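Please read the structure below before turning to the comments.
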Amino acid sequence: MEAGFLLIFEPMPEPYIHLNQVSKSYPGNPLAGVSDIDLQIAQGEFVAVLGQSGSGKSTLLKLIYGLLSPEKGEILFKGKRVLGPQEQLIPGHEKMKIIAQDFNLNTYAKVYENIACMLSNTDLQAKRRKTLETMEFLRIDHLAERRTVDLSGGEQQRVAIARALVTQPEVLLLDEPFSQVDVMMRKQLRADLKRLSTQLGITLILVSHDPFDGLSLADHLLVIRNGKILQNDHPKQIVQQPVNAYVAELLLEANIIHPAEAANWLAIALDEDQRLAVYPYELSLAEQGISAEVKQVRYQANSDELEVKAGALSLTLSVPSGQVKVGDEVFLKINNYRIVKS
Ligand code: ADP
Ligand code: MG
């Protein structure tokens, strides 16, 4: 028998996390929540869920973790149904940990205690070793004796992650972990999460309303709106071919150009329900091209973000800083664009 023949009959590997037509609405708020979610996540994947506030991101995380039960559909973890909050004594899956926006720390206890208390006392030596290892991994060992109430937001965030990590979860769910930390800490936290993913192989699901997090970190990006998945793909693929104008705007603040403008200014024919999506970095100033007037210049250190107007067409572009001022007439060149659904 040929090898190729055998392969055909090999059973498909069960997805690690599998959501099958999952819907969940809230009492008195039937349109909110999530609906018809189909999702498969592989072990060790770093998935980012991106959507505006109220789009259903937290609902999705709580469903996966078992803090909410689906009304319709099912959620499987390694082939077994995830139990809802009514079906078990302690809600939440034992192999997963969720880190919510409030860190849920014991603020008057020391950092060490906050982490160690997650482990049982059956093996005190192992408890101590694991706690120390986890603090080292997250570079908070020097804070061991400090009370968490005296820490910065970023440090508290790390303690919260350490608390989750010390129990060696297989899946870590993070709900907007960057919302409480400053810019410097954000950068470190992003690097920490990437390390968790690559060095420990933990499956990470990160919820964020900031596209940068998803684009820079994730293997897989999920864009949701009004409780539905709009697009689920590799970040690069979504940037290159967003399913519609909304995704292009949400992701990278794309300029969305309507058919009439596309025909007028760019001589590109579009159907009524089509749009051109052009990211700000895909436009540049040129010697000749589309004539436009500079309406606004927003300084951004090594670049300027320009707001320009060509007739009725308003466009945003980023250019090397200091080249133009408000009121200047400029010529634009479109270096790249994609056609998307409206
Ligand atoms: P996100 O995390 O993306 O901001 P959520 O999942 O928290 O969104 O909420 C999705 C929608 O469900 C929102 O419209 C929100 O108002 C609604 N919602 C969330 N929790 C509840 C609840 N407990 N009761 C009623 N509506 C809720
Ligand atoms: Mg939320």
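In the structure tokens, each chain is lettered A, B, ... as it comes, each chain's residues begin at 1, and ligands are numbered from 1 in order of appearance.
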Using 12 Å as the limit and counting only C-alpha atoms and all ligand atoms, can you tabulate each residue of chain A that touches ligand 1, with its shortest atom-to-atom distance in Å and the two atoms involved, as a Markdown table?
| residue | atom | partner | partner_atom_place_in_ligand_line | distance |
| --- | --- | --- | --- | --- |
| A:Ser23 | CA | ligand 1 | 12 (O) | 11.8 |
| A:Lys24 | CA | ligand 1 | 12 (O) | 9.1 |
| A:Ser25 | CA | ligand 1 | 12 (O) | 7.2 |
| A:Tyr26 | CA | ligand 1 | 25 (C) | 4.7 |
| A:Pro27 | CA | ligand 1 | 25 (C) | 6.2 |
| A:Gly28 | CA | ligand 1 | 25 (C) | 6.7 |
| A:Asn29 | CA | ligand 1 | 26 (N) | 5.4 |
| A:Pro30 | CA | ligand 1 | 26 (N) | 8.2 |
| A:Leu31 | CA | ligand 1 | 14 (O) | 7.7 |
| A:Ala32 | CA | ligand 1 | 12 (O) | 4.1 |
| A:Gly33 | CA | ligand 1 | 12 (O) | 4.2 |
| A:Val34 | CA | ligand 1 | 10 (C) | 7.1 |
| A:Ser35 | CA | ligand 1 | 10 (C) | 10.7 |
| A:Val49 | CA | ligand 1 | 3 (O) | 9.1 |
| A:Leu50 | CA | ligand 1 | 3 (O) | 8.2 |
| A:Gly51 | CA | ligand 1 | 3 (O) | 6.1 |
| A:Gln52 | CA | ligand 1 | 3 (O) | 6.0 |
| A:Ser53 | CA | ligand 1 | 4 (O) | 3.7 |
| A:Gly54 | CA | ligand 1 | 4 (O) | 3.5 |
| A:Ser55 | CA | ligand 1 | 3 (O) | 3.9 |
| A:Gly56 | CA | ligand 1 | 6 (O) | 3.2 |
| A:Lys57 | CA | ligand 1 | 3 (O) | 3.7 |
| A:Ser58 | CA | ligand 1 | 2 (O) | 3.7 |
| A:Thr59 | CA | ligand 1 | 6 (O) | 3.7 |
| A:Leu60 | CA | ligand 1 | 6 (O) | 6.4 |
| A:Leu61 | CA | ligand 1 | 6 (O) | 8.1 |
| A:Lys62 | CA | ligand 1 | 6 (O) | 8.4 |
| A:Leu63 | CA | ligand 1 | 6 (O) | 9.8 |
| A:Leu67 | CA | ligand 1 | 23 (N) | 11.4 |
| A:Leu68 | CA | ligand 1 | 23 (N) | 9.9 |
| A:Ala100 | CA | ligand 1 | 2 (O) | 10.4 |
| A:Gln101 | CA | ligand 1 | 2 (O) | 10.2 |
| A:Leu174 | CA | ligand 1 | 2 (O) | 11.2 |
| A:Asp175 | CA | ligand 1 | 2 (O) | 7.8 |
| A:Glu176 | CA | ligand 1 | 2 (O) | 8.5 |
| A:Leu206 | CA | ligand 1 | 2 (O) | 11.4 |
| A:Val207 | CA | ligand 1 | 2 (O) | 7.9 |
| A:Ser208 | CA | ligand 1 | 3 (O) | 8.3 |
| A:His209 | CA | ligand 1 | 3 (O) | 7.9 |
| A:Asp210 | CA | ligand 1 | 3 (O) | 11.6 |
| A:Val223 | CA | ligand 1 | 3 (O) | 10.6 |
| A:Ile224 | CA | ligand 1 | 3 (O) | 8.2 |
| A:Arg225 | CA | ligand 1 | 3 (O) | 8.3 |
| A:Asn226 | CA | ligand 1 | 10 (C) | 7.6 |
| A:Gly227 | CA | ligand 1 | 10 (C) | 6.8 |
| A:Lys228 | CA | ligand 1 | 10 (C) | 10.6 |
| A:Ile229 | CA | ligand 1 | 3 (O) | 11.8 |
Can those selected residues be exported to a file as a PDB file, in the first residue's frame so that it contains C-alpha atoms?
ATOM      1  CA  SER A  23     -23.882  31.672  20.754  1.00  0.00           C
ATOM      2  CA  LYS A  24     -24.449  33.438  24.047  1.00  0.00           C
ATOM      3  CA  SER A  25     -26.700  36.409  24.702  1.00  0.00           C
ATOM      4  CA  TYR A  26     -27.515  38.176  27.948  1.00  0.00           C
ATOM      5  CA  PRO A  27     -30.913  38.323  29.627  1.00  0.00           C
ATOM      6  CA  GLY A  28     -32.621  41.578  28.755  1.00  0.00           C
ATOM      7  CA  ASN A  29     -29.964  42.242  26.150  1.00  0.00           C
ATOM      8  CA  PRO A  30     -30.646  39.663  23.429  1.00  0.00           C
ATOM      9  CA  LEU A  31     -28.542  41.320  20.758  1.00  0.00           C
ATOM     10  CA  ALA A  32     -25.431  41.551  22.921  1.00  0.00           C
ATOM     11  CA  GLY A  33     -22.988  38.745  23.477  1.00  0.00           C
ATOM     12  CA  VAL A  34     -21.609  36.531  20.732  1.00  0.00           C
ATOM     13  CA  SER A  35     -23.264  34.498  18.001  1.00  0.00           C
ATOM     14  CA  VAL A  49      -8.916  38.766  19.643  1.00  0.00           C
ATOM     15  CA  LEU A  50      -9.432  42.268  18.372  1.00  0.00           C
ATOM     16  CA  GLY A  51     -12.616  44.278  18.480  1.00  0.00           C
ATOM     17  CA  GLN A  52     -14.109  47.518  19.677  1.00  0.00           C
ATOM     18  CA  SER A  53     -15.485  47.898  23.163  1.00  0.00           C
ATOM     19  CA  GLY A  54     -18.729  45.915  23.471  1.00  0.00           C
ATOM     20  CA  SER A  55     -17.974  43.631  20.532  1.00  0.00           C
ATOM     21  CA  GLY A  56     -18.067  40.484  22.679  1.00  0.00           C
ATOM     22  CA  LYS A  57     -14.387  39.864  23.424  1.00  0.00           C
ATOM     23  CA  SER A  58     -14.762  39.259  27.155  1.00  0.00           C
ATOM     24  CA  THR A  59     -17.841  37.127  26.555  1.00  0.00           C
ATOM     25  CA  LEU A  60     -15.823  34.932  24.209  1.00  0.00           C
ATOM     26  CA  LEU A  61     -13.016  34.502  26.748  1.00  0.00           C
ATOM     27  CA  LYS A  62     -15.437  33.643  29.540  1.00  0.00           C
ATOM     28  CA  LEU A  63     -17.109  31.044  27.348  1.00  0.00           C
ATOM     29  CA  LEU A  67     -17.389  31.136  33.282  1.00  0.00           C
ATOM     30  CA  LEU A  68     -20.368  31.341  30.927  1.00  0.00           C
ATOM     31  CA  ALA A 100      -9.023  39.896  33.859  1.00  0.00           C
ATOM     32  CA  GLN A 101      -8.701  43.657  33.805  1.00  0.00           C
ATOM     33  CA  LEU A 174      -5.755  37.573  28.983  1.00  0.00           C
ATOM     34  CA  ASP A 175      -8.448  40.217  28.941  1.00  0.00           C
ATOM     35  CA  GLU A 176      -7.014  43.590  27.918  1.00  0.00           C
ATOM     36  CA  LEU A 206      -5.178  37.726  24.247  1.00  0.00           C
ATOM     37  CA  VAL A 207      -8.075  40.120  24.053  1.00  0.00           C
ATOM     38  CA  SER A 208      -7.343  43.692  23.087  1.00  0.00           C
ATOM     39  CA  HIS A 209      -8.900  46.728  21.494  1.00  0.00           C
ATOM     40  CA  ASP A 210      -5.446  47.877  20.358  1.00  0.00           C
ATOM     41  CA  VAL A 223     -11.454  40.311  14.419  1.00  0.00           C
ATOM     42  CA  ILE A 224     -14.892  40.482  15.979  1.00  0.00           C
ATOM     43  CA  ARG A 225     -17.738  42.943  15.648  1.00  0.00           C
ATOM     44  CA  ASN A 226     -21.190  42.796  17.242  1.00  0.00           C
ATOM     45  CA  GLY A 227     -20.463  39.345  18.586  1.00  0.00           C
ATOM     46  CA  LYS A 228     -19.531  37.831  15.229  1.00  0.00           C
ATOM     47  CA  ILE A 229     -16.180  36.842  13.802  1.00  0.00           C
TER      48      ILE A 229
END
List the spatial neighbours of segment 83-96 of chain A as a PyMOL selection string - criterion: any atom at most 9 Å away, only C-alpha atoms, same-chain residues fewer than 2 positions off excluded. chain A and resi 62-70+75+80-81+98+164+167-173
Would you output that residue set with N, CA and C atoms, as a PDB file, in the first residue's frame?
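In the end it all went to again21.pdb:
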ATOM      1  N   LYS A  62     -14.749  34.306  28.418  1.00  0.00           N
ATOM      2  CA  LYS A  62     -15.437  33.643  29.540  1.00  0.00           C
ATOM      3  C   LYS A  62     -16.075  32.330  29.101  1.00  0.00           C
ATOM      4  N   LEU A  63     -16.542  32.287  27.872  1.00  0.00           N
ATOM      5  CA  LEU A  63     -17.109  31.044  27.348  1.00  0.00           C
ATOM      6  C   LEU A  63     -16.032  29.967  27.244  1.00  0.00           C
ATOM      7  N   ILE A  64     -14.883  30.342  26.702  1.00  0.00           N
ATOM      8  CA  ILE A  64     -13.803  29.366  26.524  1.00  0.00           C
ATOM      9  C   ILE A  64     -13.343  28.834  27.881  1.00  0.00           C
ATOM     10  N   TYR A  65     -13.280  29.711  28.860  1.00  0.00           N
ATOM     11  CA  TYR A  65     -12.800  29.345  30.192  1.00  0.00           C
ATOM     12  C   TYR A  65     -13.854  28.593  30.997  1.00  0.00           C
ATOM     13  N   GLY A  66     -15.123  28.754  30.637  1.00  0.00           N
ATOM     14  CA  GLY A  66     -16.191  28.085  31.376  1.00  0.00           C
ATOM     15  C   GLY A  66     -16.838  28.944  32.449  1.00  0.00           C
ATOM     16  N   LEU A  67     -16.693  30.239  32.347  1.00  0.00           N
ATOM     17  CA  LEU A  67     -17.389  31.136  33.282  1.00  0.00           C
ATOM     18  C   LEU A  67     -18.794  31.462  32.793  1.00  0.00           C
ATOM     19  N   LEU A  68     -19.038  31.192  31.518  1.00  0.00           N
ATOM     20  CA  LEU A  68     -20.368  31.341  30.927  1.00  0.00           C
ATOM     21  C   LEU A  68     -20.677  30.064  30.154  1.00  0.00           C
ATOM     22  N   SER A  69     -21.949  29.739  30.073  1.00  0.00           N
ATOM     23  CA  SER A  69     -22.350  28.579  29.260  1.00  0.00           C
ATOM     24  C   SER A  69     -22.903  29.061  27.935  1.00  0.00           C
ATOM     25  N   PRO A  70     -22.575  28.380  26.856  1.00  0.00           N
ATOM     26  CA  PRO A  70     -23.193  28.762  25.580  1.00  0.00           C
ATOM     27  C   PRO A  70     -24.678  28.396  25.586  1.00  0.00           C
ATOM     28  N   ILE A  75     -18.405  23.957  23.186  1.00  0.00           N
ATOM     29  CA  ILE A  75     -16.999  24.318  23.298  1.00  0.00           C
ATOM     30  C   ILE A  75     -16.244  23.096  23.787  1.00  0.00           C
ATOM     31  N   LYS A  80     -12.976  17.373  24.875  1.00  0.00           N
ATOM     32  CA  LYS A  80     -13.999  17.262  25.939  1.00  0.00           C
ATOM     33  C   LYS A  80     -14.739  18.574  26.088  1.00  0.00           C
ATOM     34  N   ARG A  81     -16.041  18.486  26.339  1.00  0.00           N
ATOM     35  CA  ARG A  81     -16.856  19.675  26.486  1.00  0.00           C
ATOM     36  C   ARG A  81     -16.414  20.481  27.707  1.00  0.00           C
ATOM     37  N   ILE A  98      -7.442  32.589  33.634  1.00  0.00           N
ATOM     38  CA  ILE A  98      -7.868  33.823  32.982  1.00  0.00           C
ATOM     39  C   ILE A  98      -7.331  34.995  33.796  1.00  0.00           C
ATOM     40  N   ALA A 164      -1.080  33.301  37.789  1.00  0.00           N
ATOM     41  CA  ALA A 164      -1.694  32.372  36.850  1.00  0.00           C
ATOM     42  C   ALA A 164      -0.687  31.312  36.415  1.00  0.00           C
ATOM     43  N   THR A 167       0.637  27.941  38.500  1.00  0.00           N
ATOM     44  CA  THR A 167      -0.159  26.709  38.540  1.00  0.00           C
ATOM     45  C   THR A 167       0.021  25.892  37.259  1.00  0.00           C
ATOM     46  N   GLN A 168       0.922  26.355  36.399  1.00  0.00           N
ATOM     47  CA  GLN A 168       1.244  25.675  35.138  1.00  0.00           C
ATOM     48  C   GLN A 168       0.006  25.375  34.285  1.00  0.00           C
ATOM     49  N   PRO A 169      -0.729  26.423  33.941  1.00  0.00           N
ATOM     50  CA  PRO A 169      -1.894  26.216  33.082  1.00  0.00           C
ATOM     51  C   PRO A 169      -1.449  25.860  31.664  1.00  0.00           C
ATOM     52  N   GLU A 170      -2.339  25.206  30.942  1.00  0.00           N
ATOM     53  CA  GLU A 170      -2.027  24.917  29.536  1.00  0.00           C
ATOM     54  C   GLU A 170      -2.475  26.064  28.635  1.00  0.00           C
ATOM     55  N   VAL A 171      -3.476  26.780  29.117  1.00  0.00           N
ATOM     56  CA  VAL A 171      -4.014  27.896  28.330  1.00  0.00           C
ATOM     57  C   VAL A 171      -4.085  29.126  29.230  1.00  0.00           C
ATOM     58  N   LEU A 172      -3.600  30.222  28.726  1.00  0.00           N
ATOM     59  CA  LEU A 172      -3.687  31.476  29.468  1.00  0.00           C
ATOM     60  C   LEU A 172      -4.560  32.445  28.670  1.00  0.00           C
ATOM     61  N   LEU A 173      -5.594  32.958  29.343  1.00  0.00           N
ATOM     62  CA  LEU A 173      -6.517  33.879  28.687  1.00  0.00           C
ATOM     63  C   LEU A 173      -6.309  35.258  29.293  1.00  0.00           C
TER      64      LEU A 173
END
Just the residues within 7 Å of segment 14-19 of chain A, please, counting only C-alpha atoms, with nothing from its chain fewer than 6 positions along; format it as a PyMOL selection string. chain A and resi 37-43+74-79
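Atom CA of Asp102 of chain A to atom CA of Ala160 of chain A spans 9.3 Å [interatomic distance, one decimal].
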Can you pull out the residues contacting Leu315 of chain A? Cut-off 10 Å, using only C-alpha atoms, and skip same-chain residues under 3 positions away; I want them as a PyMOL selection string. chain A and resi 254-257+278-280+283+292+294-295+306-310+312+332
Quick check for you: according to DSSP on this backbone, which residues of segment 171-268 of chain A are classed as strand (DSSP E)? Reply as a PyMOL selection string. chain A and resi 171-175+203-208+220-225+228-233+255-257
Could you turn the residues from that selection into a file that holds N, CA and C atoms, as a tab-separated table (two decimals), in the first residue's frame?
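What ended up in out30.tsv:
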chain	number	residue	atom	x	y	z
A	171	VAL	N	-3.48	26.78	29.12
A	171	VAL	CA	-4.01	27.90	28.33
A	171	VAL	C	-4.08	29.13	29.23
A	172	LEU	N	-3.60	30.22	28.73
A	172	LEU	CA	-3.69	31.48	29.47
A	172	LEU	C	-4.56	32.44	28.67
A	173	LEU	N	-5.59	32.96	29.34
A	173	LEU	CA	-6.52	33.88	28.69
A	173	LEU	C	-6.31	35.26	29.29
A	174	LEU	N	-6.06	36.23	28.47
A	174	LEU	CA	-5.76	37.57	28.98
A	174	LEU	C	-6.75	38.58	28.44
A	175	ASP	N	-7.43	39.26	29.36
A	175	ASP	CA	-8.45	40.22	28.94
A	175	ASP	C	-7.92	41.64	29.07
A	203	THR	N	-0.54	28.00	25.37
A	203	THR	CA	-1.50	28.55	24.40
A	203	THR	C	-2.03	29.85	24.99
A	204	LEU	N	-1.92	30.92	24.23
A	204	LEU	CA	-2.31	32.23	24.75
A	204	LEU	C	-3.45	32.81	23.93
A	205	ILE	N	-4.45	33.28	24.62
A	205	ILE	CA	-5.52	34.00	23.94
A	205	ILE	C	-5.60	35.39	24.57
A	206	LEU	N	-5.30	36.35	23.76
A	206	LEU	CA	-5.18	37.73	24.25
A	206	LEU	C	-6.29	38.58	23.65
A	207	VAL	N	-7.03	39.24	24.52
A	207	VAL	CA	-8.08	40.12	24.05
A	207	VAL	C	-7.60	41.56	24.13
A	208	SER	N	-7.82	42.31	23.07
A	208	SER	CA	-7.34	43.69	23.09
A	208	SER	C	-8.19	44.55	22.17
A	220	HIS	N	-2.17	34.32	15.17
A	220	HIS	CA	-3.51	34.26	14.63
A	220	HIS	C	-4.30	35.43	15.15
A	221	LEU	N	-5.01	36.09	14.30
A	221	LEU	CA	-5.77	37.26	14.72
A	221	LEU	C	-7.23	37.04	14.39
A	222	LEU	N	-8.05	37.38	15.38
A	222	LEU	CA	-9.48	37.19	15.24
A	222	LEU	C	-10.12	38.57	15.36
A	223	VAL	N	-10.80	39.01	14.33
A	223	VAL	CA	-11.45	40.31	14.42
A	223	VAL	C	-12.93	40.09	14.66
A	224	ILE	N	-13.46	40.66	15.75
A	224	ILE	CA	-14.89	40.48	15.98
A	224	ILE	C	-15.62	41.83	16.04
A	225	ARG	N	-16.88	41.77	15.62
A	225	ARG	CA	-17.74	42.94	15.65
A	225	ARG	C	-19.16	42.48	15.94
A	228	LYS	N	-19.80	38.78	16.31
A	228	LYS	CA	-19.53	37.83	15.23
A	228	LYS	C	-18.08	37.96	14.76
A	229	ILE	N	-17.54	36.81	14.33
A	229	ILE	CA	-16.18	36.84	13.80
A	229	ILE	C	-16.22	37.39	12.37
A	230	LEU	N	-15.49	38.46	12.15
A	230	LEU	CA	-15.42	39.02	10.80
A	230	LEU	C	-14.29	38.37	10.02
A	231	GLN	N	-13.19	38.14	10.70
A	231	GLN	CA	-12.04	37.58	10.02
A	231	GLN	C	-11.15	36.85	11.01
A	232	ASN	N	-10.57	35.77	10.56
A	232	ASN	CA	-9.76	34.92	11.42
A	232	ASN	C	-8.62	34.40	10.57
A	233	ASP	N	-7.43	34.96	10.77
A	233	ASP	CA	-6.32	34.59	9.89
A	233	ASP	C	-5.01	35.05	10.50
A	255	ASN	N	-7.44	54.44	4.84
A	255	ASN	CA	-8.30	55.37	4.10
A	255	ASN	C	-9.25	54.52	3.28
A	256	ILE	N	-10.53	54.83	3.37
A	256	ILE	CA	-11.52	54.07	2.61
A	256	ILE	C	-12.05	54.97	1.50
A	257	ILE	N	-11.84	54.55	0.28
A	257	ILE	CA	-12.19	55.38	-0.87
A	257	ILE	C	-13.39	54.76	-1.60
Mind the document's chain letters and residue numbers, and return as a ChimeraX atom specification the residues of segment 190-230 of chain A that DSSP labels alpha helix (DSSP H). /A:190-200,211-217
Write a file of the just-selected residues containing N, CA and C atoms, as a PDB file, in the first residue's frame.
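Below is the file that was written, again31.pdb:
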ATOM      1  N   ARG A 190       4.556  43.004  26.506  1.00  0.00           N
ATOM      2  CA  ARG A 190       4.434  42.333  25.209  1.00  0.00           C
ATOM      3  C   ARG A 190       5.550  41.307  25.056  1.00  0.00           C
ATOM      4  N   ALA A 191       6.774  41.739  25.419  1.00  0.00           N
ATOM      5  CA  ALA A 191       7.914  40.822  25.304  1.00  0.00           C
ATOM      6  C   ALA A 191       7.733  39.626  26.233  1.00  0.00           C
ATOM      7  N   ASP A 192       7.214  39.863  27.436  1.00  0.00           N
ATOM      8  CA  ASP A 192       6.972  38.766  28.387  1.00  0.00           C
ATOM      9  C   ASP A 192       5.990  37.754  27.819  1.00  0.00           C
ATOM     10  N   LEU A 193       4.917  38.275  27.234  1.00  0.00           N
ATOM     11  CA  LEU A 193       3.893  37.372  26.706  1.00  0.00           C
ATOM     12  C   LEU A 193       4.450  36.543  25.556  1.00  0.00           C
ATOM     13  N   LYS A 194       5.256  37.186  24.743  1.00  0.00           N
ATOM     14  CA  LYS A 194       5.865  36.456  23.630  1.00  0.00           C
ATOM     15  C   LYS A 194       6.765  35.337  24.180  1.00  0.00           C
ATOM     16  N   ARG A 195       7.474  35.644  25.261  1.00  0.00           N
ATOM     17  CA  ARG A 195       8.343  34.643  25.894  1.00  0.00           C
ATOM     18  C   ARG A 195       7.531  33.479  26.461  1.00  0.00           C
ATOM     19  N   LEU A 196       6.410  33.798  27.066  1.00  0.00           N
ATOM     20  CA  LEU A 196       5.533  32.755  27.596  1.00  0.00           C
ATOM     21  C   LEU A 196       5.142  31.801  26.488  1.00  0.00           C
ATOM     22  N   SER A 197       4.835  32.399  25.367  1.00  0.00           N
ATOM     23  CA  SER A 197       4.369  31.627  24.243  1.00  0.00           C
ATOM     24  C   SER A 197       5.515  30.787  23.650  1.00  0.00           C
ATOM     25  N   THR A 198       6.652  31.408  23.399  1.00  0.00           N
ATOM     26  CA  THR A 198       7.707  30.685  22.685  1.00  0.00           C
ATOM     27  C   THR A 198       8.510  29.780  23.618  1.00  0.00           C
ATOM     28  N   GLN A 199       8.775  30.223  24.853  1.00  0.00           N
ATOM     29  CA  GLN A 199       9.628  29.411  25.735  1.00  0.00           C
ATOM     30  C   GLN A 199       8.847  28.355  26.502  1.00  0.00           C
ATOM     31  N   LEU A 200       7.642  28.676  26.912  1.00  0.00           N
ATOM     32  CA  LEU A 200       6.875  27.709  27.707  1.00  0.00           C
ATOM     33  C   LEU A 200       5.849  26.953  26.867  1.00  0.00           C
ATOM     34  N   PRO A 211      -5.043  47.312  18.017  1.00  0.00           N
ATOM     35  CA  PRO A 211      -4.595  46.424  16.944  1.00  0.00           C
ATOM     36  C   PRO A 211      -3.107  46.109  17.027  1.00  0.00           C
ATOM     37  N   PHE A 212      -2.326  47.012  17.565  1.00  0.00           N
ATOM     38  CA  PHE A 212      -0.886  46.792  17.591  1.00  0.00           C
ATOM     39  C   PHE A 212      -0.540  45.503  18.330  1.00  0.00           C
ATOM     40  N   ASP A 213      -1.244  45.246  19.432  1.00  0.00           N
ATOM     41  CA  ASP A 213      -0.962  44.043  20.216  1.00  0.00           C
ATOM     42  C   ASP A 213      -1.126  42.796  19.370  1.00  0.00           C
ATOM     43  N   GLY A 214      -2.237  42.747  18.678  1.00  0.00           N
ATOM     44  CA  GLY A 214      -2.513  41.575  17.856  1.00  0.00           C
ATOM     45  C   GLY A 214      -1.524  41.438  16.716  1.00  0.00           C
ATOM     46  N   LEU A 215      -1.251  42.549  16.061  1.00  0.00           N
ATOM     47  CA  LEU A 215      -0.394  42.504  14.884  1.00  0.00           C
ATOM     48  C   LEU A 215       1.031  42.118  15.255  1.00  0.00           C
ATOM     49  N   SER A 216       1.497  42.620  16.401  1.00  0.00           N
ATOM     50  CA  SER A 216       2.908  42.394  16.719  1.00  0.00           C
ATOM     51  C   SER A 216       3.133  41.068  17.427  1.00  0.00           C
ATOM     52  N   LEU A 217       2.102  40.510  18.043  1.00  0.00           N
ATOM     53  CA  LEU A 217       2.337  39.339  18.886  1.00  0.00           C
ATOM     54  C   LEU A 217       1.787  38.029  18.337  1.00  0.00           C
TER      55      LEU A 217
END
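Atom CA of Val297 of chain A is positioned 9.9 Å from atom CA of Gly327 of chain A.
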Grab the atom CA of Leu105 of chain A to atom CA of Arg129 of chain A distance for me, in Å with one decimal place.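 Pair atom CA of Leu105 of chain A / atom CA of Arg129 of chain A returns 20.8 Å.
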Point out the residue among A:Val111, A:Gly44, A:Glu155, A:Ser179 with the least atom-to-atom distance to ligand 2, counting only C-alpha atoms and all ligand atoms.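 Looking at the shortest contact to ligand 2, the residue is A:Ser179.
Closest approach to Met185 of chain A from the set A:Arg163, A:Gly153, A:Pro259, A:Tyr337 is made by A:Gly153, with distances taken over only C-alpha atoms.
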